[in-house]
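This report concerns only the one structure given below.
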There are 2 protein chains.
Amino acid sequence: MNIAIAGLGLIGGSIAKAIKQKTSHLVYGIDADQKTISSAIRDGAVDAALEEKDFSSVDILFVCLYPRAAVSFILENMDKLKKGCIVTDVCGVKKFVEDSVGAPLRKRGLHYVGGHPMAGKERSGYFHSNPKMLEGASYILTKNKLTDEEAFEAVKQLIASLGCRVVEATSEKHDRIIAYTSQLAHVVSSSYIKSPTVEYEKGFTGGSFQDMTRVALLSPPMWAELFTLNRENLLFEIRNIIQNLKDFEAALSEGDGEKLISLLREGSEIKKRHLEK
Amino acid sequence: MNIAIAGLGLIGGSIAKAIKQKTSHLVYGIDADQKTISSAIRDGAVDAALEEKDFSSVDILFVCLYPRAAVSFILENMDKLKKGCIVTDVCGVKKFVEDSVGAPLRKRGLHYVGGHPMAGKERSGYFHSNPKMLEGASYILTKNKLTDEEAFEAVKQLIASLGCRVVEATSEKHDRIIAYTSQLAHVVSSSYIKSPTVEYEKGFTGGSFQDMTRVALLSPPMWAELFTLNRENLLFEIRNIIQNLKDFEAALSEGDGEKLISLLREGSEIKKRHLEK
């Protein structure tokens, strides 16, 4: 197959390298930065830069850009693609992308399959890309009633061949769960590190401070965009954790030791159930 | 030296094993649970159980119990100790213990040195104890104007010989920083895991959800006691993170993308400065 990857950042670069390492498909790269393209060719992450004339030979197009940029890229370039071409993306929100490109692609005989690899790092950019990042990671693929089964299976097979665990979901389910498992973690991490006490942490930490603040180093524009495009789900989770923290605040300020124990026990029981699963 | 360890749980057991592995001191164990004592003797973690008559031969007594139990144990047994004996503890709050036992011990010619190894796990009990847990970990020792320098140096040397990095602080400073680096992490982790969405997380997580909820599995009575004994410091940190989360909530609910970016950037800059340190 001819595979094109638009956006050779951390994720796009890692997917390109993984495809070259694990399959015999041809990989074409697209990136606004010429130096990144050169590096990717030199590294063997891609076979060549995708020229305008090559669009029509692409079988699967991965769009590895921020959500709004991904939608623009797809809408601007879809008329160059051949019928039956599969367009997939890696954005951390899925309903927005699906709603924006699903119908226009379908109208042109092109197939959309939403994707979201649950892999990443606190660092971004091609320089940090690594095919190992994908190994064993969950890779969510979204489908709805209109999704073309054959196209979905083709993406699924390719993703599985990269060493990922494919997880299927609707875009709505994806966005609801991801607000909790990923977006909220970034909000909390950023909120955690903003204490005046942070200046004194050296020597006073075991593992928990590091865990809590690891993802505070993030790309602000990307995460702000993801948050905005998943507003209601994320607001629900932020309000939920604020309420839980307020319960601790109330129990502690009243010196209610029994209440503190029961609040901690509640969390501990949930964690225990999850470890047993 | 003759060293006695009261409370052979996760921390007491690990310290006992580390001392036996790395030094030639005699180690006596004290534990309410006879089976734990037997296991510790069988494992070579202690040389023998400490009998009533042996108290007077102890050079350093480690008290590895919850804070209130540690204070009671020290006050109840201090008259059996010989002059010059050093009493140290491993509690996660230091001002409470220092205020409770410092003067009574001093009056009897005994020395108090507060300690807090920044090591631990989500699991507790002797069964999980492991001397490796201490290697490379920070071990905070507290002193004040009345602390006996020789006694402090003796504990410091012993702790360093176990492979820990000794960090010196006043009990006030310890409690202020630990409220942030450790206690708040447990409050947040417990609050994080209590979302209805947690039931659907499987397959939808990279590393951040695991990081956020790792310490939710904790000993509720111990942590409730630590929180209560460090009330003001911890309330400050809980209120601070609630405010930071509310800032995100407000920006998101108003759809203010620029504000979201600036909130994230603020956290990201702090994290960056800390990685460079």
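In the structure tokens, chains take letters A, B, ... by order of appearance, with residues numbered from 1 within each chain and ligands from 1 in the order shown.
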Shell of 10 Å around Glu258 in chain B, only C-alpha atoms, local chain residues under 2 positions omitted, as a PyMOL selection string
(chain A and resi 220-221+224-225) or (chain B and resi 251+255-256+260-264)
Backbone DSSP call of alpha helix (DSSP H) for range 116-243 of chain A, listed as an NGL selection string:
:A and (149-161 or 171-178 or 184-193 or 208-213 or 220-228 or 231-243)
Determine which residues of range 67-163 of chain B DSSP labels as strand (DSSP E or B) from the backbone of this structure, then write them out as a PDB file with N, CA and C atoms, in the first residue's frame.
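Saved as result.pdb:
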ATOM      1  N   ILE B  86      19.251   7.152  72.041  1.00  0.00           N
ATOM      2  CA  ILE B  86      18.640   8.010  71.018  1.00  0.00           C
ATOM      3  C   ILE B  86      17.309   7.413  70.575  1.00  0.00           C
ATOM      4  N   VAL B  87      16.286   8.216  70.579  1.00  0.00           N
ATOM      5  CA  VAL B  87      14.977   7.775  70.100  1.00  0.00           C
ATOM      6  C   VAL B  87      14.686   8.496  68.790  1.00  0.00           C
ATOM      7  N   THR B  88      14.369   7.717  67.761  1.00  0.00           N
ATOM      8  CA  THR B  88      14.028   8.322  66.475  1.00  0.00           C
ATOM      9  C   THR B  88      12.749   7.676  65.952  1.00  0.00           C
ATOM     10  N   ASP B  89      12.014   8.377  65.117  1.00  0.00           N
ATOM     11  CA  ASP B  89      10.769   7.819  64.584  1.00  0.00           C
ATOM     12  C   ASP B  89      10.764   7.991  63.075  1.00  0.00           C
ATOM     13  N   HIS B 111      17.808  11.349  73.939  1.00  0.00           N
ATOM     14  CA  HIS B 111      17.848  12.257  72.790  1.00  0.00           C
ATOM     15  C   HIS B 111      16.795  11.906  71.754  1.00  0.00           C
ATOM     16  N   TYR B 112      16.132  12.943  71.248  1.00  0.00           N
ATOM     17  CA  TYR B 112      15.162  12.718  70.176  1.00  0.00           C
ATOM     18  C   TYR B 112      15.674  13.299  68.858  1.00  0.00           C
ATOM     19  N   VAL B 113      15.612  12.483  67.798  1.00  0.00           N
ATOM     20  CA  VAL B 113      15.916  12.933  66.437  1.00  0.00           C
ATOM     21  C   VAL B 113      14.752  12.483  65.547  1.00  0.00           C
ATOM     22  N   GLY B 114      14.058  13.432  64.965  1.00  0.00           N
ATOM     23  CA  GLY B 114      12.916  13.065  64.105  1.00  0.00           C
ATOM     24  C   GLY B 114      13.388  12.573  62.745  1.00  0.00           C
ATOM     25  N   GLY B 115      12.692  11.597  62.203  1.00  0.00           N
ATOM     26  CA  GLY B 115      13.070  11.070  60.890  1.00  0.00           C
ATOM     27  C   GLY B 115      11.863  10.796  60.015  1.00  0.00           C
ATOM     28  N   HIS B 116      12.060  10.856  58.716  1.00  0.00           N
ATOM     29  CA  HIS B 116      10.992  10.508  57.772  1.00  0.00           C
ATOM     30  C   HIS B 116      11.597  10.049  56.454  1.00  0.00           C
ATOM     31  N   PRO B 117      11.662   8.732  56.266  1.00  0.00           N
ATOM     32  CA  PRO B 117      12.171   8.220  54.983  1.00  0.00           C
ATOM     33  C   PRO B 117      11.149   8.459  53.886  1.00  0.00           C
ATOM     34  N   SER B 138      15.371   9.849  49.667  1.00  0.00           N
ATOM     35  CA  SER B 138      15.639  10.906  50.645  1.00  0.00           C
ATOM     36  C   SER B 138      15.157  10.424  52.006  1.00  0.00           C
ATOM     37  N   TYR B 139      15.910  10.751  53.046  1.00  0.00           N
ATOM     38  CA  TYR B 139      15.512  10.418  54.417  1.00  0.00           C
ATOM     39  C   TYR B 139      15.676  11.717  55.195  1.00  0.00           C
ATOM     40  N   ILE B 140      14.545  12.316  55.541  1.00  0.00           N
ATOM     41  CA  ILE B 140      14.595  13.619  56.204  1.00  0.00           C
ATOM     42  C   ILE B 140      14.834  13.426  57.701  1.00  0.00           C
ATOM     43  N   LEU B 141      15.801  14.158  58.239  1.00  0.00           N
ATOM     44  CA  LEU B 141      16.046  14.159  59.686  1.00  0.00           C
ATOM     45  C   LEU B 141      15.779  15.575  60.192  1.00  0.00           C
ATOM     46  N   THR B 142      15.019  15.673  61.275  1.00  0.00           N
ATOM     47  CA  THR B 142      14.684  17.009  61.774  1.00  0.00           C
ATOM     48  C   THR B 142      15.487  17.333  63.028  1.00  0.00           C
TER      49      THR B 142
END
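Taking CA of Val215 in chain B and CA of Asp247 in chain B as endpoints, the distance between them is 25.4 Å.
Distance check against chain A using only C-alpha atoms: of B:Lys107, B:His186, B:His128, B:Lys80, the minimum falls on B:His186.
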Quick one: everything within 12 Å of Lys94 in chain B, counting only C-alpha atoms, minus sequence neighbours fewer than 3 positions away in the same chain. Send it as number ranges by chain.
B: 66-68, 70-71, 88-91, 97-102, 112-117, 140-144, 169-179, 226, 229-230
Residues just named, written with C-alpha atoms as a PDB file, in the first residue's frame:
ATOM      1  CA  TYR B  66       1.591   5.658  63.290  1.00  0.00           C
ATOM      2  CA  PRO B  67       2.183   9.104  64.879  1.00  0.00           C
ATOM      3  CA  ARG B  68      -0.147   8.846  67.893  1.00  0.00           C
ATOM      4  CA  ALA B  70       4.548   6.269  68.272  1.00  0.00           C
ATOM      5  CA  VAL B  71       4.147   9.042  70.829  1.00  0.00           C
ATOM      6  CA  THR B  88      14.028   8.322  66.475  1.00  0.00           C
ATOM      7  CA  ASP B  89      10.769   7.819  64.584  1.00  0.00           C
ATOM      8  CA  VAL B  90       9.684   7.570  60.960  1.00  0.00           C
ATOM      9  CA  CYS B  91       6.341   9.389  61.086  1.00  0.00           C
ATOM     10  CA  VAL B  97       5.977  14.041  67.433  1.00  0.00           C
ATOM     11  CA  GLU B  98       8.724  16.516  68.329  1.00  0.00           C
ATOM     12  CA  ASP B  99       6.341  18.597  70.455  1.00  0.00           C
ATOM     13  CA  SER B 100       5.015  15.505  72.203  1.00  0.00           C
ATOM     14  CA  VAL B 101       8.214  13.647  73.065  1.00  0.00           C
ATOM     15  CA  GLY B 102      11.103  16.136  72.771  1.00  0.00           C
ATOM     16  CA  TYR B 112      15.162  12.718  70.176  1.00  0.00           C
ATOM     17  CA  VAL B 113      15.916  12.933  66.437  1.00  0.00           C
ATOM     18  CA  GLY B 114      12.916  13.065  64.105  1.00  0.00           C
ATOM     19  CA  GLY B 115      13.070  11.070  60.890  1.00  0.00           C
ATOM     20  CA  HIS B 116      10.992  10.508  57.772  1.00  0.00           C
ATOM     21  CA  PRO B 117      12.171   8.220  54.983  1.00  0.00           C
ATOM     22  CA  ILE B 140      14.595  13.619  56.204  1.00  0.00           C
ATOM     23  CA  LEU B 141      16.046  14.159  59.686  1.00  0.00           C
ATOM     24  CA  THR B 142      14.684  17.009  61.774  1.00  0.00           C
ATOM     25  CA  LYS B 143      16.544  19.079  64.310  1.00  0.00           C
ATOM     26  CA  ASN B 144      15.910  22.184  66.372  1.00  0.00           C
ATOM     27  CA  ALA B 169      15.159  20.288  58.089  1.00  0.00           C
ATOM     28  CA  THR B 170      13.212  21.715  60.983  1.00  0.00           C
ATOM     29  CA  SER B 171      10.013  19.881  61.808  1.00  0.00           C
ATOM     30  CA  GLU B 172       8.020  22.960  60.713  1.00  0.00           C
ATOM     31  CA  LYS B 173       9.660  23.052  57.315  1.00  0.00           C
ATOM     32  CA  HIS B 174       9.213  19.304  56.895  1.00  0.00           C
ATOM     33  CA  ASP B 175       5.498  19.471  57.634  1.00  0.00           C
ATOM     34  CA  ARG B 176       4.915  22.418  55.340  1.00  0.00           C
ATOM     35  CA  ILE B 177       6.624  20.827  52.336  1.00  0.00           C
ATOM     36  CA  ILE B 178       5.362  17.301  52.919  1.00  0.00           C
ATOM     37  CA  ALA B 179       1.758  18.564  52.948  1.00  0.00           C
ATOM     38  CA  LEU B 226      -1.302  12.235  59.103  1.00  0.00           C
ATOM     39  CA  LEU B 229      -1.903  16.192  62.448  1.00  0.00           C
ATOM     40  CA  ASN B 230      -0.862  18.513  59.619  1.00  0.00           C
TER      41      ASN B 230
END
Please identify every residue of range 116-176 of chain B that has at least one atom no farther than 12 Å from an atom of range 29-53 of chain B, counting only C-alpha atoms, and for each give the shortest atom pair and the distance in Å to one decimal, arranged by chain then increasing number, as a tab-separated table.
residue	atom	partner	partner_atom	distance
B:Gly125	CA	B:Thr36	CA	9.2
B:Tyr126	CA	B:Thr36	CA	6.9
B:Phe127	CA	B:Thr36	CA	8.5
B:His128	CA	B:Thr36	CA	11.8
B:Ser129	CA	B:Ala45	CA	10.0
B:Asn130	CA	B:Ala45	CA	10.0
B:Pro131	CA	B:Ala45	CA	9.7
Can those selected residues be exported to a file as a compact mmCIF listing (two decimals), in the first residue's frame so that it contains C-alpha atoms?
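Once everything was written out, this is result-v3.txt:
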# COMPACT_ATOMS: atom_id res chain seq x y z
CA GLY B 125 2.93 -4.49 56.24
CA TYR B 126 6.07 -6.50 56.99
CA PHE B 127 5.41 -8.84 54.06
CA HIS B 128 6.08 -6.01 51.60
CA SER B 129 9.15 -4.64 53.41
CA ASN B 130 12.31 -4.48 51.34
CA PRO B 131 15.66 -2.84 52.08
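Of note, CA of Leu26 in chain A and CA of Ile11 in chain A are spaced 18.0 Å apart.
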9 Å contact set for Leu245 in chain B, only C-alpha atoms, chain neighbours under 5 positions out, as a list in words
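Once the adjacent positions are removed, what remains is Val187, Val188, Ser190, Ser191, Tyr192, Ile238, Arg239, Ile241 and Ile242 of chain A; Asn240 and Ala250 of chain B.
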Counting only C-alpha atoms, the residue of A:Ala160, A:Val93, A:Met1, A:Ala216 that sits nearest chain B
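Distance minimum relative to chain B lands on A:Ala216.
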Counting only C-alpha atoms, the option among A:Glu249, A:Glu149, A:Asp54, A:Glu276 closest to chain B
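Under the stated criterion, the closest residue is A:Glu249.
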One decimal, in Å: what's the spacing between CA of Thr228 in chain A and CA of Glu201 in chain B?
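Between CA of Thr228 in chain A and CA of Glu201 in chain B the gap is 21.4 Å.
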Pick out the residues sitting within 12 Å of Ile19 in chain A, and hand them over as an mmCIF file with C-alpha atoms, in the first residue's frame; count only C-alpha atoms, and ignore anything fewer than 3 positions along from it in its own chain.
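The result, written out as result-v4.cif:
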data_model
loop_
_atom_site.group_PDB
_atom_site.id
_atom_site.type_symbol
_atom_site.label_atom_id
_atom_site.label_comp_id
_atom_site.auth_asym_id
_atom_site.auth_seq_id
_atom_site.Cartn_x
_atom_site.Cartn_y
_atom_site.Cartn_z
ATOM 1 C CA MET A 1 0.000 0.000 0.000
ATOM 2 C CA ASN A 2 0.925 3.640 -0.364
ATOM 3 C CA ILE A 3 0.614 5.376 2.954
ATOM 4 C CA ALA A 4 0.925 9.107 3.458
ATOM 5 C CA ILE A 5 1.498 10.755 6.804
ATOM 6 C CA GLY A 12 3.181 11.057 13.070
ATOM 7 C CA GLY A 13 6.934 10.423 13.206
ATOM 8 C CA SER A 14 6.478 7.403 15.463
ATOM 9 C CA ILE A 15 3.776 5.928 13.214
ATOM 10 C CA ALA A 16 5.941 6.473 10.114
ATOM 11 C CA LYS A 22 7.215 -3.552 10.642
ATOM 12 C CA THR A 23 5.655 -3.577 7.176
ATOM 13 C CA SER A 24 6.700 -3.284 3.559
ATOM 14 C CA HIS A 25 4.333 -0.410 2.701
ATOM 15 C CA LEU A 26 5.607 2.725 1.018
ATOM 16 C CA VAL A 27 5.434 5.754 3.306
ATOM 17 C CA TYR A 28 5.220 9.339 2.076
ATOM 18 C CA GLY A 44 14.243 6.020 6.786
ATOM 19 C CA ALA A 45 11.030 7.048 8.558
ATOM 20 C CA VAL A 46 9.529 7.908 5.179
ATOM 21 C CA ASP A 47 10.464 6.914 1.646
ATOM 22 C CA PHE A 62 -2.793 9.510 8.292
ATOM 23 C CA ASN A 130 10.005 6.572 18.496
ATOM 24 C CA PRO A 131 8.213 3.501 17.142
ATOM 25 C CA LYS A 132 8.651 1.777 20.541
ATOM 26 C CA LEU A 134 3.396 2.487 20.150
ATOM 27 C CA GLU A 135 4.271 -1.029 21.211
ATOM 28 C CA GLN A 157 -5.063 -4.606 10.603
ATOM 29 C CA LEU A 158 -2.380 -2.021 9.870
ATOM 30 C CA ILE A 159 -2.509 -0.630 13.412
ATOM 31 C CA ALA A 160 -2.379 -4.102 14.947
ATOM 32 C CA SER A 161 0.674 -4.894 12.829
ATOM 33 C CA LEU A 162 2.463 -1.977 14.513
ATOM 34 C CA GLY A 163 2.177 -3.713 17.885
ATOM 35 C CA CYS A 164 -0.755 -1.702 19.222
#
Show which residues sit within 10 Å of Gly207 in chain B, as a list in words. Count only C-alpha atoms, and ignore same-chain residues fewer than 5 positions away.
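My list of contacting residues is Met118, Ala119, Gly120, Lys121, Ala137, Thr181, Ser182, Ala185, Asp211, Arg214 and Val215 of chain A; Met212 of chain B.
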Include C-alpha atoms and write out the residues we just selected as a compact mmCIF listing (two decimals), in the first residue's frame.
# COMPACT_ATOMS: atom_id res chain seq x y z
CA MET A 118 -2.91 6.20 23.67
CA ALA A 119 0.77 6.91 23.50
CA GLY A 120 2.63 10.10 24.04
CA LYS A 121 5.24 11.82 26.06
CA ALA A 137 -0.21 0.88 23.62
CA THR A 181 -8.38 9.34 31.70
CA SER A 182 -6.26 11.85 29.84
CA ALA A 185 -4.94 14.33 34.24
CA ASP A 211 3.64 11.15 39.29
CA ARG A 214 4.77 14.54 35.14
CA VAL A 215 2.41 15.73 32.43
CA MET B 212 -2.80 10.02 38.90
Selected residue of minimal separation from chain B among A:Glu254, A:Phe209, A:His274, A:Met78, counting only C-alpha atoms
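The shortest atom-to-atom distance to chain B comes from A:Phe209.
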